[in-house]
file protein-v2.cif (mmCIF, C-alpha atoms; chains and numbers go by the auth columns)
data_model
#
loop_
_atom_site.group_PDB
_atom_site.id
_atom_site.type_symbol
_atom_site.label_atom_id
_atom_site.label_comp_id
_atom_site.label_asym_id
_atom_site.label_seq_id
_atom_site.Cartn_x
_atom_site.Cartn_y
_atom_site.Cartn_z
_atom_site.B_iso_or_equiv
_atom_site.auth_seq_id
_atom_site.auth_asym_id
ATOM 1 C CA MET A 1 146.822 142.383 92.311 0.00 15 I
ATOM 2 C CA LYS A 2 144.289 143.896 89.955 0.00 16 I
ATOM 3 C CA LEU A 3 143.160 142.098 86.792 0.00 17 I
ATOM 4 C CA GLU A 4 141.842 144.192 83.890 0.00 18 I
ATOM 5 C CA ILE A 5 139.846 142.296 81.265 0.00 19 I
ATOM 6 C CA TYR A 6 139.710 144.250 78.007 0.00 20 I
ATOM 7 C CA LEU A 7 136.745 143.217 75.906 0.00 21 I
ATOM 8 C CA LYS A 8 136.334 143.559 72.148 0.00 22 I
ATOM 9 C CA SER A 9 133.304 145.774 72.855 0.00 23 I
ATOM 10 C CA GLY A 10 135.612 148.339 74.466 0.00 24 I
ATOM 11 C CA LYS A 11 134.517 147.683 78.055 0.00 25 I
ATOM 12 C CA ALA A 12 137.101 146.746 80.683 0.00 26 I
ATOM 13 C CA PRO A 13 135.707 145.025 83.772 0.00 27 I
ATOM 14 C CA THR A 14 138.171 144.789 86.659 0.00 28 I
ATOM 15 C CA VAL A 15 138.736 142.041 89.224 0.00 29 I
ATOM 16 C CA PHE A 16 140.131 143.520 92.430 0.00 30 I
ATOM 17 C CA VAL A 17 142.508 141.480 94.625 0.00 31 I
ATOM 18 C CA PHE A 18 142.703 138.807 91.908 0.00 32 I
ATOM 19 C CA GLU A 19 143.040 135.276 93.316 0.00 33 I
ATOM 20 C CA TYR A 20 142.479 132.840 90.452 0.00 34 I
ATOM 21 C CA ALA A 21 140.714 132.093 87.173 0.00 35 I
ATOM 22 C CA THR A 22 138.931 128.988 85.969 0.00 36 I
ATOM 23 C CA ASP A 23 137.715 127.983 82.542 0.00 37 I
ATOM 24 C CA SER A 24 134.720 125.905 81.509 0.00 38 I
ATOM 25 C CA MET A 25 137.013 122.860 81.092 0.00 39 I
ATOM 26 C CA GLY A 26 137.810 122.896 84.824 0.00 40 I
ATOM 27 C CA ASN A 27 141.355 124.293 84.546 0.00 41 I
ATOM 28 C CA LYS A 28 142.465 126.627 87.347 0.00 42 I
ATOM 29 C CA PHE A 29 145.008 129.432 86.910 0.00 43 I
ATOM 30 C CA GLU A 30 146.532 131.083 89.988 0.00 44 I
ATOM 31 C CA GLY A 31 149.058 133.850 90.530 0.00 45 I
ATOM 32 C CA ASP A 32 150.928 134.641 87.333 0.00 46 I
ATOM 33 C CA ILE A 33 148.496 133.872 84.534 0.00 47 I
ATOM 34 C CA LYS A 34 151.029 134.046 81.683 0.00 48 I
ATOM 35 C CA ASP A 35 150.129 130.445 80.779 0.00 49 I
ATOM 36 C CA LEU A 36 146.441 131.286 80.411 0.00 50 I
ATOM 37 C CA TYR A 37 145.509 130.862 76.748 0.00 51 I
ATOM 38 C CA ILE A 38 142.179 132.474 75.870 0.00 52 I
ATOM 39 C CA SER A 39 140.090 130.172 73.710 0.00 53 I
ATOM 40 C CA GLU A 40 137.045 131.598 71.942 0.00 54 I
ATOM 41 C CA ASN A 41 135.167 128.365 72.716 0.00 55 I
ATOM 42 C CA LEU A 42 135.472 128.559 76.527 0.00 56 I
ATOM 43 C CA THR A 43 133.928 130.630 79.296 0.00 57 I
ATOM 44 C CA TYR A 44 136.209 132.119 81.959 0.00 58 I
ATOM 45 C CA GLN A 45 135.517 132.985 85.568 0.00 59 I
ATOM 46 C CA PHE A 46 137.918 135.472 87.169 0.00 60 I
ATOM 47 C CA ILE A 47 137.689 135.514 90.960 0.00 61 I
ATOM 48 C CA GLY A 48 138.958 137.912 93.588 0.00 62 I
ATOM 49 C CA LYS A 49 137.145 140.387 95.810 0.00 63 I
ATOM 50 C CA ASN A 50 134.554 140.409 93.051 0.00 64 I
ATOM 51 C CA GLN A 51 133.846 137.969 90.233 0.00 65 I
ATOM 52 C CA VAL A 52 133.672 138.404 86.446 0.00 66 I
ATOM 53 C CA VAL A 53 132.423 135.702 84.071 0.00 67 I
ATOM 54 C CA VAL A 54 133.015 136.222 80.361 0.00 68 I
ATOM 55 C CA ASN A 55 133.126 134.190 77.144 0.00 69 I
ATOM 56 C CA GLY A 56 136.562 133.831 75.577 0.00 70 I
ATOM 57 C CA SER A 57 135.189 135.121 72.268 0.00 71 I
ATOM 58 C CA GLU A 58 134.539 138.507 73.961 0.00 72 I
ATOM 59 C CA ILE A 59 138.059 138.966 75.391 0.00 73 I
ATOM 60 C CA SER A 60 140.596 141.111 73.557 0.00 74 I
ATOM 61 C CA PHE A 61 143.353 140.782 76.183 0.00 75 I
ATOM 62 C CA ILE A 62 143.912 140.714 79.951 0.00 76 I
ATOM 63 C CA GLU A 63 146.408 142.576 82.113 0.00 77 I
ATOM 64 C CA LEU A 64 147.522 141.779 85.653 0.00 78 I
ATOM 65 C CA SER A 65 149.074 144.578 87.703 0.00 79 I
#
call {"tool": "encode", "arguments": {"input": "protein-v2.cif", "output": "structure tokens"}}
result
Amino acid sequence: MKLEIYLKSGKAPTVFVFEYATDSMGNKFEGDIKDLYISENLTYQFIGKNQVVVNGSEISFIELS
């Protein structure tokens, strides 16, 4: 699965072979991330073949395909 992270700045970093995401509160989200609520006050780490770390305040939306 590929995870696209669309940022408010217009950039869209991609996580290839998405495995899981964690937030700065220690919550872990695996597989279907429909329950992942993006909070502007948290930092998120998206992990797969590569890794992307981004503040929730920068995220516009995410898409898993």
call {"tool": "resolve_selection", "arguments": {"input": "protein-v2.cif", "expression": "the PyMOL selection byres ((chain I and resi 36) around 12)", "output": "tab-separated table (two decimals) with C-alpha atoms, in the frame of the given file"}}
result
chain	number	residue	atom	x	y	z
I	33	GLU	CA	143.04	135.28	93.32
I	34	TYR	CA	142.48	132.84	90.45
I	35	ALA	CA	140.71	132.09	87.17
I	37	ASP	CA	137.72	127.98	82.54
I	38	SER	CA	134.72	125.90	81.51
I	39	MET	CA	137.01	122.86	81.09
I	40	GLY	CA	137.81	122.90	84.82
I	41	ASN	CA	141.35	124.29	84.55
I	42	LYS	CA	142.46	126.63	87.35
I	43	PHE	CA	145.01	129.43	86.91
I	44	GLU	CA	146.53	131.08	89.99
I	47	ILE	CA	148.50	133.87	84.53
I	50	LEU	CA	146.44	131.29	80.41
I	51	TYR	CA	145.51	130.86	76.75
I	52	ILE	CA	142.18	132.47	75.87
I	56	LEU	CA	135.47	128.56	76.53
I	57	THR	CA	133.93	130.63	79.30
I	58	TYR	CA	136.21	132.12	81.96
I	59	GLN	CA	135.52	132.99	85.57
I	60	PHE	CA	137.92	135.47	87.17
I	61	ILE	CA	137.69	135.51	90.96
I	62	GLY	CA	138.96	137.91	93.59
I	65	GLN	CA	133.85	137.97	90.23
I	66	VAL	CA	133.67	138.40	86.45
I	67	VAL	CA	132.42	135.70	84.07
I	68	VAL	CA	133.01	136.22	80.36
I	69	ASN	CA	133.13	134.19	77.14
I	70	GLY	CA	136.56	133.83	75.58
call {"tool": "atom_distance", "arguments": {"input": "protein-v2.cif", "atom1": "atom CA of I:Lys48", "atom2": "atom CA of I:Ser23"}}
result
23.0 Å
call {"tool": "resolve_selection", "arguments": {"input": "protein-v2.cif", "expression": "the PyMOL selection byres ((chain I and resi 24) around 12)", "output": "list in words"}}
result
Ile19, Tyr20, Leu21, Lys22, Ser23, Lys25, Ala26, Pro27, Glu72, Ile73, Ser74 and Phe75 of chain I
call {"tool": "closest_residue", "arguments": {"input": "protein-v2.cif", "among": "I:Glu54, I:Thr28, I:Asp46, I:Lys16", "to": "I:Ser71", "atoms": "only C-alpha atoms"}}
result
I:Glu54
call {"tool": "closest_residue", "arguments": {"input": "protein-v2.cif", "among": "I:Gly45, I:Lys63, I:Ser53, I:Glu77", "to": "I:Val31", "atoms": "all atoms listed in the file"}}
result
I:Lys63
call {"tool": "residues_near_point", "arguments": {"input": "protein-v2.cif", "point": "(147.4, 140.0, 90.0)", "cutoff": "6 Å", "atoms": "only C-alpha atoms", "output": "number ranges by chain"}}
result
I: 15-17, 32, 78-79
call {"tool": "write_last_selection", "arguments": {"input": "protein-v2.cif", "atoms": "C-alpha atoms", "output": "mmCIF file, in the coordinates of the input"}}
result
data_model
loop_
_atom_site.group_PDB
_atom_site.id
_atom_site.type_symbol
_atom_site.label_atom_id
_atom_site.label_comp_id
_atom_site.auth_asym_id
_atom_site.auth_seq_id
_atom_site.Cartn_x
_atom_site.Cartn_y
_atom_site.Cartn_z
ATOM 1 C CA MET I 15 146.822 142.383 92.311
ATOM 2 C CA LYS I 16 144.289 143.896 89.955
ATOM 3 C CA LEU I 17 143.160 142.098 86.792
ATOM 4 C CA PHE I 32 142.703 138.807 91.908
ATOM 5 C CA LEU I 78 147.522 141.779 85.653
ATOM 6 C CA SER I 79 149.074 144.578 87.703
#
